[in-house]
$ cat target-v8.pdb   # PDB, N, CA and C atoms
ATOM      1  N   MET A  18       3.370 -29.043 -16.211
ATOM      2  CA  MET A  18       4.055 -27.776 -16.070
ATOM      3  C   MET A  18       3.541 -27.074 -14.811
ATOM      4  N   HIS A  19       4.372 -26.320 -14.150
ATOM      5  CA  HIS A  19       4.016 -25.678 -12.890
ATOM      6  C   HIS A  19       3.085 -24.488 -13.099
ATOM      7  N   HIS A  20       2.238 -24.218 -12.096
ATOM      8  CA  HIS A  20       1.263 -23.131 -12.205
ATOM      9  C   HIS A  20       1.918 -21.771 -12.406
ATOM     10  N   PHE A  21       3.120 -21.569 -11.862
ATOM     11  CA  PHE A  21       3.749 -20.254 -12.016
ATOM     12  C   PHE A  21       4.347 -20.064 -13.401
ATOM     13  N   VAL A  22       4.444 -21.104 -14.192
ATOM     14  CA  VAL A  22       4.947 -20.989 -15.551
ATOM     15  C   VAL A  22       3.788 -20.745 -16.520
ATOM     16  N   ARG A  23       2.695 -21.488 -16.353
ATOM     17  CA  ARG A  23       1.585 -21.410 -17.295
ATOM     18  C   ARG A  23       0.434 -20.551 -16.817
ATOM     19  N   GLY A  24       0.395 -20.192 -15.560
ATOM     20  CA  GLY A  24      -0.757 -19.477 -15.024
ATOM     21  C   GLY A  24      -1.688 -20.455 -14.331
ATOM     22  N   MET A  25      -2.421 -19.960 -13.369
ATOM     23  CA  MET A  25      -3.327 -20.831 -12.631
ATOM     24  C   MET A  25      -4.606 -21.062 -13.429
ATOM     25  N   ASN A  26      -5.178 -22.227 -13.280
ATOM     26  CA  ASN A  26      -6.427 -22.575 -13.945
ATOM     27  C   ASN A  26      -7.441 -23.007 -12.905
ATOM     28  N   GLN A  27      -8.691 -22.754 -13.192
ATOM     29  CA  GLN A  27      -9.767 -23.166 -12.290
ATOM     30  C   GLN A  27     -10.951 -23.592 -13.135
ATOM     31  N   ILE A  28     -11.581 -24.680 -12.756
ATOM     32  CA  ILE A  28     -12.799 -25.125 -13.417
ATOM     33  C   ILE A  28     -13.943 -24.861 -12.456
ATOM     34  N   TYR A  29     -15.006 -24.242 -12.950
ATOM     35  CA  TYR A  29     -16.163 -23.991 -12.100
ATOM     36  C   TYR A  29     -17.424 -24.120 -12.930
ATOM     37  N   GLU A  30     -18.529 -24.292 -12.245
ATOM     38  CA  GLU A  30     -19.818 -24.461 -12.896
ATOM     39  C   GLU A  30     -20.769 -23.401 -12.375
ATOM     40  N   VAL A  31     -21.508 -22.765 -13.284
ATOM     41  CA  VAL A  31     -22.494 -21.759 -12.907
ATOM     42  C   VAL A  31     -23.870 -22.379 -13.091
ATOM     43  N   ASN A  32     -24.643 -22.407 -12.014
ATOM     44  CA  ASN A  32     -25.985 -22.975 -12.055
ATOM     45  C   ASN A  32     -27.021 -21.867 -12.030
ATOM     46  N   SER A  33     -28.160 -22.138 -12.609
ATOM     47  CA  SER A  33     -29.264 -21.187 -12.595
ATOM     48  C   SER A  33     -29.793 -21.044 -11.177
ATOM     49  N   CYS A  34     -30.130 -19.817 -10.807
ATOM     50  CA  CYS A  34     -30.672 -19.587  -9.471
ATOM     51  C   CYS A  34     -32.184 -19.773  -9.444
ATOM     52  N   GLY A  35     -32.800 -19.982 -10.596
ATOM     53  CA  GLY A  35     -34.227 -20.249 -10.637
ATOM     54  C   GLY A  35     -35.097 -19.021 -10.789
ATOM     55  N   ASN A  36     -34.562 -17.826 -10.656
ATOM     56  CA  ASN A  36     -35.337 -16.600 -10.797
ATOM     57  C   ASN A  36     -35.445 -16.277 -12.284
ATOM     58  N   LYS A  37     -36.608 -16.563 -12.877
ATOM     59  CA  LYS A  37     -36.757 -16.388 -14.317
ATOM     60  C   LYS A  37     -37.320 -15.031 -14.700
ATOM     61  N   ASP A  38     -37.763 -14.250 -13.739
ATOM     62  CA  ASP A  38     -38.337 -12.937 -14.026
ATOM     63  C   ASP A  38     -37.303 -11.860 -13.701
ATOM     64  N   PRO A  39     -36.631 -11.289 -14.725
ATOM     65  CA  PRO A  39     -35.587 -10.301 -14.438
ATOM     66  C   PRO A  39     -36.123  -9.006 -13.838
ATOM     67  N   SER A  40     -37.433  -8.787 -13.913
ATOM     68  CA  SER A  40     -37.981  -7.557 -13.338
ATOM     69  C   SER A  40     -38.041  -7.619 -11.814
ATOM     70  N   GLU A  41     -37.958  -8.824 -11.252
ATOM     71  CA  GLU A  41     -37.959  -8.949  -9.794
ATOM     72  C   GLU A  41     -36.582  -8.562  -9.265
ATOM     73  N   GLN A  42     -36.530  -7.562  -8.437
ATOM     74  CA  GLN A  42     -35.280  -7.095  -7.848
ATOM     75  C   GLN A  42     -35.236  -7.513  -6.380
ATOM     76  N   PRO A  43     -34.294  -8.365  -5.991
ATOM     77  CA  PRO A  43     -34.235  -8.771  -4.584
ATOM     78  C   PRO A  43     -33.717  -7.651  -3.675
ATOM     79  N   TYR A  44     -33.150  -6.611  -4.254
ATOM     80  CA  TYR A  44     -32.585  -5.518  -3.467
ATOM     81  C   TYR A  44     -33.187  -4.203  -3.954
ATOM     82  N   GLY A  45     -33.173  -3.201  -3.109
ATOM     83  CA  GLY A  45     -33.803  -1.938  -3.438
ATOM     84  C   GLY A  45     -32.942  -0.975  -4.220
ATOM     85  N   MET A  46     -31.640  -1.253  -4.382
ATOM     86  CA  MET A  46     -30.756  -0.276  -5.007
ATOM     87  C   MET A  46     -29.686  -0.984  -5.839
ATOM     88  N   ILE A  47     -29.412  -0.451  -7.009
ATOM     89  CA  ILE A  47     -28.337  -0.987  -7.835
ATOM     90  C   ILE A  47     -27.169  -0.017  -7.764
ATOM     91  N   ARG A  48     -25.999  -0.546  -7.487
ATOM     92  CA  ARG A  48     -24.782   0.272  -7.418
ATOM     93  C   ARG A  48     -23.865  -0.133  -8.566
ATOM     94  N   THR A  49     -23.206   0.838  -9.130
ATOM     95  CA  THR A  49     -22.259   0.575 -10.207
ATOM     96  C   THR A  49     -20.871   0.983  -9.746
ATOM     97  N   PHE A  50     -19.939   0.055  -9.887
ATOM     98  CA  PHE A  50     -18.543   0.318  -9.556
ATOM     99  C   PHE A  50     -17.722   0.120 -10.823
ATOM    100  N   TYR A  51     -16.727   0.951 -11.010
ATOM    101  CA  TYR A  51     -15.848   0.855 -12.167
ATOM    102  C   TYR A  51     -14.493   0.362 -11.671
ATOM    103  N   ILE A  52     -14.251  -0.929 -11.845
ATOM    104  CA  ILE A  52     -13.058  -1.580 -11.311
ATOM    105  C   ILE A  52     -12.226  -2.105 -12.479
ATOM    106  N   ALA A  53     -10.925  -1.870 -12.427
ATOM    107  CA  ALA A  53     -10.018  -2.402 -13.445
ATOM    108  C   ALA A  53      -8.910  -3.191 -12.756
ATOM    109  N   ALA A  54      -8.532  -4.300 -13.355
ATOM    110  CA  ALA A  54      -7.380  -5.079 -12.898
ATOM    111  C   ALA A  54      -6.193  -4.622 -13.732
ATOM    112  N   GLU A  55      -5.179  -4.083 -13.061
ATOM    113  CA  GLU A  55      -4.030  -3.525 -13.777
ATOM    114  C   GLU A  55      -2.741  -4.178 -13.302
ATOM    115  N   GLU A  56      -1.892  -4.495 -14.267
ATOM    116  CA  GLU A  56      -0.610  -5.103 -13.946
ATOM    117  C   GLU A  56       0.384  -4.010 -13.562
ATOM    118  N   VAL A  57       1.063  -4.207 -12.438
ATOM    119  CA  VAL A  57       2.047  -3.239 -11.958
ATOM    120  C   VAL A  57       3.320  -3.970 -11.544
ATOM    121  N   GLU A  58       4.401  -3.239 -11.474
ATOM    122  CA  GLU A  58       5.657  -3.745 -10.922
ATOM    123  C   GLU A  58       5.614  -3.446  -9.431
ATOM    124  N   TRP A  59       5.595  -4.470  -8.597
ATOM    125  CA  TRP A  59       5.406  -4.308  -7.157
ATOM    126  C   TRP A  59       6.690  -4.669  -6.429
ATOM    127  N   ASP A  60       7.137  -3.795  -5.545
ATOM    128  CA  ASP A  60       8.326  -4.066  -4.740
ATOM    129  C   ASP A  60       7.870  -4.586  -3.384
ATOM    130  N   TYR A  61       8.112  -5.869  -3.144
ATOM    131  CA  TYR A  61       7.682  -6.504  -1.901
ATOM    132  C   TYR A  61       8.578  -6.133  -0.722
ATOM    133  N   ALA A  62       9.696  -5.530  -0.985
ATOM    134  CA  ALA A  62      10.601  -5.118   0.089
ATOM    135  C   ALA A  62      11.198  -3.759  -0.260
ATOM    136  N   PRO A  63      10.384  -2.685  -0.250
ATOM    137  CA  PRO A  63      10.901  -1.376  -0.656
ATOM    138  C   PRO A  63      11.968  -0.833   0.286
ATOM    139  N   ASN A  64      11.909  -1.183   1.561
ATOM    140  CA  ASN A  64      12.903  -0.725   2.529
ATOM    141  C   ASN A  64      13.846  -1.876   2.833
ATOM    142  N   LYS A  65      14.782  -2.108   1.946
ATOM    143  CA  LYS A  65      15.652  -3.274   2.074
ATOM    144  C   LYS A  65      16.548  -3.224   3.307
ATOM    145  N   ASN A  66      16.852  -2.049   3.814
ATOM    146  CA  ASN A  66      17.672  -1.965   5.027
ATOM    147  C   ASN A  66      17.022  -2.709   6.172
ATOM    148  N   TRP A  67      15.708  -2.536   6.331
ATOM    149  CA  TRP A  67      15.000  -3.209   7.410
ATOM    150  C   TRP A  67      15.055  -4.728   7.229
ATOM    151  N   GLU A  68      14.812  -5.209   6.013
ATOM    152  CA  GLU A  68      14.837  -6.643   5.767
ATOM    153  C   GLU A  68      16.230  -7.217   6.008
ATOM    154  N   PHE A  69      17.264  -6.505   5.576
ATOM    155  CA  PHE A  69      18.624  -7.000   5.771
ATOM    156  C   PHE A  69      19.007  -7.039   7.246
ATOM    157  N   GLU A  70      18.522  -6.102   8.044
ATOM    158  CA  GLU A  70      18.830  -6.107   9.477
ATOM    159  C   GLU A  70      18.289  -7.352  10.161
ATOM    160  N   LYS A  71      17.194  -7.906   9.662
ATOM    161  CA  LYS A  71      16.573  -9.087  10.267
ATOM    162  C   LYS A  71      17.222 -10.388   9.800
ATOM    163  N   GLN A  72      18.081 -10.333   8.804
ATOM    164  CA  GLN A  72      18.721 -11.529   8.261
ATOM    165  C   GLN A  72      20.099 -11.699   8.895
ATOM    166  N   HIS A  73      20.492 -12.939   9.090
ATOM    167  CA  HIS A  73      21.818 -13.237   9.627
ATOM    168  C   HIS A  73      22.673 -13.858   8.527
ATOM    169  N   LEU A  74      23.959 -13.597   8.572
ATOM    170  CA  LEU A  74      24.870 -14.154   7.578
ATOM    171  C   LEU A  74      25.043 -15.650   7.805
ATOM    172  N   ASP A  75      25.125 -16.411   6.704
ATOM    173  CA  ASP A  75      25.408 -17.837   6.834
ATOM    174  C   ASP A  75      26.918 -18.039   6.804
ATOM    175  N   ALA A  76      27.355 -19.282   6.800
ATOM    176  CA  ALA A  76      28.791 -19.585   6.845
ATOM    177  C   ALA A  76      29.532 -19.016   5.640
ATOM    178  N   GLY A  77      28.848 -18.861   4.511
ATOM    179  CA  GLY A  77      29.487 -18.332   3.309
ATOM    180  C   GLY A  77      29.460 -16.820   3.221
ATOM    181  N   GLY A  78      28.947 -16.144   4.261
ATOM    182  CA  GLY A  78      28.908 -14.690   4.268
ATOM    183  C   GLY A  78      27.712 -14.087   3.551
ATOM    184  N   GLU A  79      26.731 -14.919   3.206
ATOM    185  CA  GLU A  79      25.530 -14.413   2.539
ATOM    186  C   GLU A  79      24.326 -14.560   3.458
ATOM    187  N   ARG A  80      23.329 -13.756   3.194
ATOM    188  CA  ARG A  80      22.059 -13.870   3.912
ATOM    189  C   ARG A  80      21.109 -14.709   3.058
ATOM    190  N   HIS A  81      20.270 -15.493   3.704
ATOM    191  CA  HIS A  81      19.324 -16.322   2.953
ATOM    192  C   HIS A  81      18.376 -15.454   2.131
ATOM    193  N   GLY A  82      18.090 -14.244   2.596
ATOM    194  CA  GLY A  82      17.166 -13.364   1.887
ATOM    195  C   GLY A  82      17.787 -12.598   0.738
ATOM    196  N   ASP A  83      19.117 -12.694   0.559
ATOM    197  CA  ASP A  83      19.769 -11.944  -0.520
ATOM    198  C   ASP A  83      19.153 -12.245  -1.882
ATOM    199  N   ILE A  84      18.790 -13.495  -2.119
ATOM    200  CA  ILE A  84      18.221 -13.875  -3.416
ATOM    201  C   ILE A  84      16.935 -13.108  -3.702
ATOM    202  N   PHE A  85      16.200 -12.740  -2.637
ATOM    203  CA  PHE A  85      14.934 -12.032  -2.809
ATOM    204  C   PHE A  85      15.078 -10.514  -2.683
ATOM    205  N   MET A  86      16.218 -10.029  -2.227
ATOM    206  CA  MET A  86      16.406  -8.594  -2.015
ATOM    207  C   MET A  86      17.228  -7.934  -3.111
ATOM    208  N   ASN A  87      18.202  -8.641  -3.630
ATOM    209  CA  ASN A  87      19.111  -8.063  -4.623
ATOM    210  C   ASN A  87      18.798  -8.613  -6.002
ATOM    211  N   HIS A  88      18.664  -7.732  -6.963
ATOM    212  CA  HIS A  88      18.417  -8.163  -8.337
ATOM    213  C   HIS A  88      19.744  -8.159  -9.087
ATOM    214  N   THR A  89      20.232  -9.355  -9.372
ATOM    215  CA  THR A  89      21.471  -9.505 -10.137
ATOM    216  C   THR A  89      21.239 -10.585 -11.191
ATOM    217  N   GLU A  90      22.294 -10.978 -11.853
ATOM    218  CA  GLU A  90      22.179 -12.036 -12.858
ATOM    219  C   GLU A  90      21.698 -13.349 -12.235
ATOM    220  N   ASN A  91      22.081 -13.600 -10.987
ATOM    221  CA  ASN A  91      21.744 -14.865 -10.335
ATOM    222  C   ASN A  91      20.619 -14.762  -9.307
ATOM    223  N   TRP A  92      20.198 -13.569  -8.947
ATOM    224  CA  TRP A  92      19.181 -13.398  -7.897
ATOM    225  C   TRP A  92      17.953 -12.703  -8.468
ATOM    226  N   ILE A  93      16.775 -13.084  -7.963
ATOM    227  CA  ILE A  93      15.526 -12.599  -8.547
ATOM    228  C   ILE A  93      15.097 -11.226  -8.054
ATOM    229  N   GLY A  94      15.585 -10.778  -6.913
ATOM    230  CA  GLY A  94      15.237  -9.448  -6.415
ATOM    231  C   GLY A  94      13.865  -9.387  -5.767
ATOM    232  N   SER A  95      13.444  -8.188  -5.380
ATOM    233  CA  SER A  95      12.201  -8.021  -4.617
ATOM    234  C   SER A  95      11.052  -7.450  -5.445
ATOM    235  N   GLN A  96      11.279  -7.186  -6.722
ATOM    236  CA  GLN A  96      10.213  -6.611  -7.545
ATOM    237  C   GLN A  96       9.656  -7.663  -8.497
ATOM    238  N   TYR A  97       8.325  -7.751  -8.495
ATOM    239  CA  TYR A  97       7.631  -8.717  -9.345
ATOM    240  C   TYR A  97       6.408  -8.049  -9.942
ATOM    241  N   ARG A  98       5.950  -8.586 -11.057
ATOM    242  CA  ARG A  98       4.700  -8.098 -11.630
ATOM    243  C   ARG A  98       3.536  -8.749 -10.896
ATOM    244  N   LYS A  99       2.513  -7.948 -10.637
ATOM    245  CA  LYS A  99       1.296  -8.476 -10.039
ATOM    246  C   LYS A  99       0.130  -7.626 -10.511
ATOM    247  N   VAL A 100      -1.059  -8.067 -10.205
ATOM    248  CA  VAL A 100      -2.264  -7.339 -10.591
ATOM    249  C   VAL A 100      -2.856  -6.677  -9.362
ATOM    250  N   VAL A 101      -3.213  -5.407  -9.503
ATOM    251  CA  VAL A 101      -3.937  -4.698  -8.446
ATOM    252  C   VAL A 101      -5.284  -4.270  -9.018
ATOM    253  N   TYR A 102      -6.273  -4.232  -8.144
ATOM    254  CA  TYR A 102      -7.603  -3.789  -8.549
ATOM    255  C   TYR A 102      -7.754  -2.331  -8.160
ATOM    256  N   ARG A 103      -8.147  -1.506  -9.124
ATOM    257  CA  ARG A 103      -8.305  -0.075  -8.874
ATOM    258  C   ARG A 103      -9.712   0.352  -9.254
ATOM    259  N   GLU A 104     -10.265   1.240  -8.416
ATOM    260  CA  GLU A 104     -11.593   1.765  -8.704
ATOM    261  C   GLU A 104     -11.455   3.108  -9.412
ATOM    262  N   TYR A 105     -12.252   3.297 -10.451
ATOM    263  CA  TYR A 105     -12.243   4.534 -11.220
ATOM    264  C   TYR A 105     -13.534   5.302 -10.993
ATOM    265  N   THR A 106     -13.513   6.589 -11.311
ATOM    266  CA  THR A 106     -14.669   7.452 -11.055
ATOM    267  C   THR A 106     -15.809   7.225 -12.041
ATOM    268  N   ASP A 107     -15.489   6.739 -13.257
ATOM    269  CA  ASP A 107     -16.550   6.496 -14.238
ATOM    270  C   ASP A 107     -16.093   5.444 -15.241
ATOM    271  N   GLY A 108     -16.950   5.165 -16.202
ATOM    272  CA  GLY A 108     -16.684   4.132 -17.186
ATOM    273  C   GLY A 108     -15.615   4.460 -18.207
ATOM    274  N   GLU A 109     -15.068   5.665 -18.167
ATOM    275  CA  GLU A 109     -13.964   6.019 -19.065
ATOM    276  C   GLU A 109     -12.635   5.445 -18.563
ATOM    277  N   PHE A 110     -12.562   5.098 -17.290
ATOM    278  CA  PHE A 110     -11.369   4.516 -16.664
ATOM    279  C   PHE A 110     -10.134   5.395 -16.853
ATOM    280  N   VAL A 111     -10.308   6.698 -16.601
ATOM    281  CA  VAL A 111      -9.206   7.652 -16.708
ATOM    282  C   VAL A 111      -8.765   8.104 -15.322
ATOM    283  N   GLU A 112      -9.716   8.495 -14.485
ATOM    284  CA  GLU A 112      -9.395   9.054 -13.169
ATOM    285  C   GLU A 112      -9.637   8.015 -12.071
ATOM    286  N   ILE A 113      -8.566   7.693 -11.332
ATOM    287  CA  ILE A 113      -8.684   6.739 -10.227
ATOM    288  C   ILE A 113      -9.425   7.405  -9.076
ATOM    289  N   LYS A 114     -10.382   6.691  -8.517
ATOM    290  CA  LYS A 114     -11.167   7.219  -7.403
ATOM    291  C   LYS A 114     -10.286   7.310  -6.157
ATOM    292  N   ALA A 115     -10.366   8.445  -5.463
ATOM    293  CA  ALA A 115      -9.575   8.643  -4.243
ATOM    294  C   ALA A 115     -10.028   7.655  -3.176
ATOM    295  N   ARG A 116      -9.063   7.100  -2.457
ATOM    296  CA  ARG A 116      -9.373   6.147  -1.394
ATOM    297  C   ARG A 116      -9.245   6.827  -0.042
ATOM    298  N   PRO A 117     -10.109   6.471   0.902
ATOM    299  CA  PRO A 117      -9.989   7.049   2.240
ATOM    300  C   PRO A 117      -8.716   6.537   2.920
ATOM    301  N   PRO A 118      -8.193   7.275   3.912
ATOM    302  CA  PRO A 118      -6.943   6.885   4.578
ATOM    303  C   PRO A 118      -6.962   5.461   5.133
ATOM    304  N   ARG A 119      -8.112   4.995   5.607
ATOM    305  CA  ARG A 119      -8.163   3.649   6.198
ATOM    306  C   ARG A 119      -7.934   2.543   5.159
ATOM    307  N   GLU A 120      -8.049   2.855   3.886
ATOM    308  CA  GLU A 120      -7.840   1.871   2.824
ATOM    309  C   GLU A 120      -6.442   1.933   2.218
ATOM    310  N   LYS A 121      -5.636   2.877   2.643
ATOM    311  CA  LYS A 121      -4.306   3.017   2.035
ATOM    312  C   LYS A 121      -3.293   2.166   2.752
TER     313      LYS A 121
END
$ encode --input "target-v8.pdb" --output "structure tokens"
Amino acid sequence: MHHFVRGMNQIYEVNSCGNKDPSEQPYGMIRTFYIAAEEVEWDYAPNKNWEFEKQHLDAGGERHGDIFMNHTENWIGSQYRKVVYREYTDGEFVEIKARPPREK
């Protein structure tokens, strides 16, 4: 079965790093981040006018990108579910931490 039907799988092995004394800290500071993976409906082409301008009509009068831009009975459209990672202000996971402009 294809990965997009069943989900991706990965096999990995975790090996001991050999540090048996948990009191030894290799770093001087511990930081805590509150990160959640959340499923959202994501529009990969929110400005469809721009995408359509870049597409040329084929012999049948359709654009090759129509299947990805228009959501109909036969076309999948531009919106899909995906996971985004969001940082929260604390462990209650209620308030999303504000991001600086360079991260938006």
$ closest_residue --input "target-v8.pdb" --among "A:Arg98, A:Val111, A:Lys121, A:Glu104" --to "A:Trp59" --atoms "all atoms listed in the file"
A:Arg98
$ atom_distance --input "target-v8.pdb" --atom1 "atom C of A:Lys99" --atom2 "atom N of A:Ala54"
9.7 Å
$ resolve_selection --input "target-v8.pdb" --expression "the PyMOL selection byres (((chain A and resi 52 and name CA) around 6) and name CA)" --output "number ranges by chain"
A: 51, 53, 103-104
$ atom_distance --input "target-v8.pdb" --atom1 "atom C of A:Pro117" --atom2 "atom C of A:Val100"
19.0 Å
$ atom_distance --input "target-v8.pdb" --atom1 "atom C of A:Tyr61" --atom2 "atom CA of A:Val101"
14.8 Å
$ closest_residue --input "target-v8.pdb" --among "A:Glu56, A:Pro63, A:Met86, A:Arg116" --to "A:Tyr102" --atoms "only N, CA and C atoms"
A:Glu56
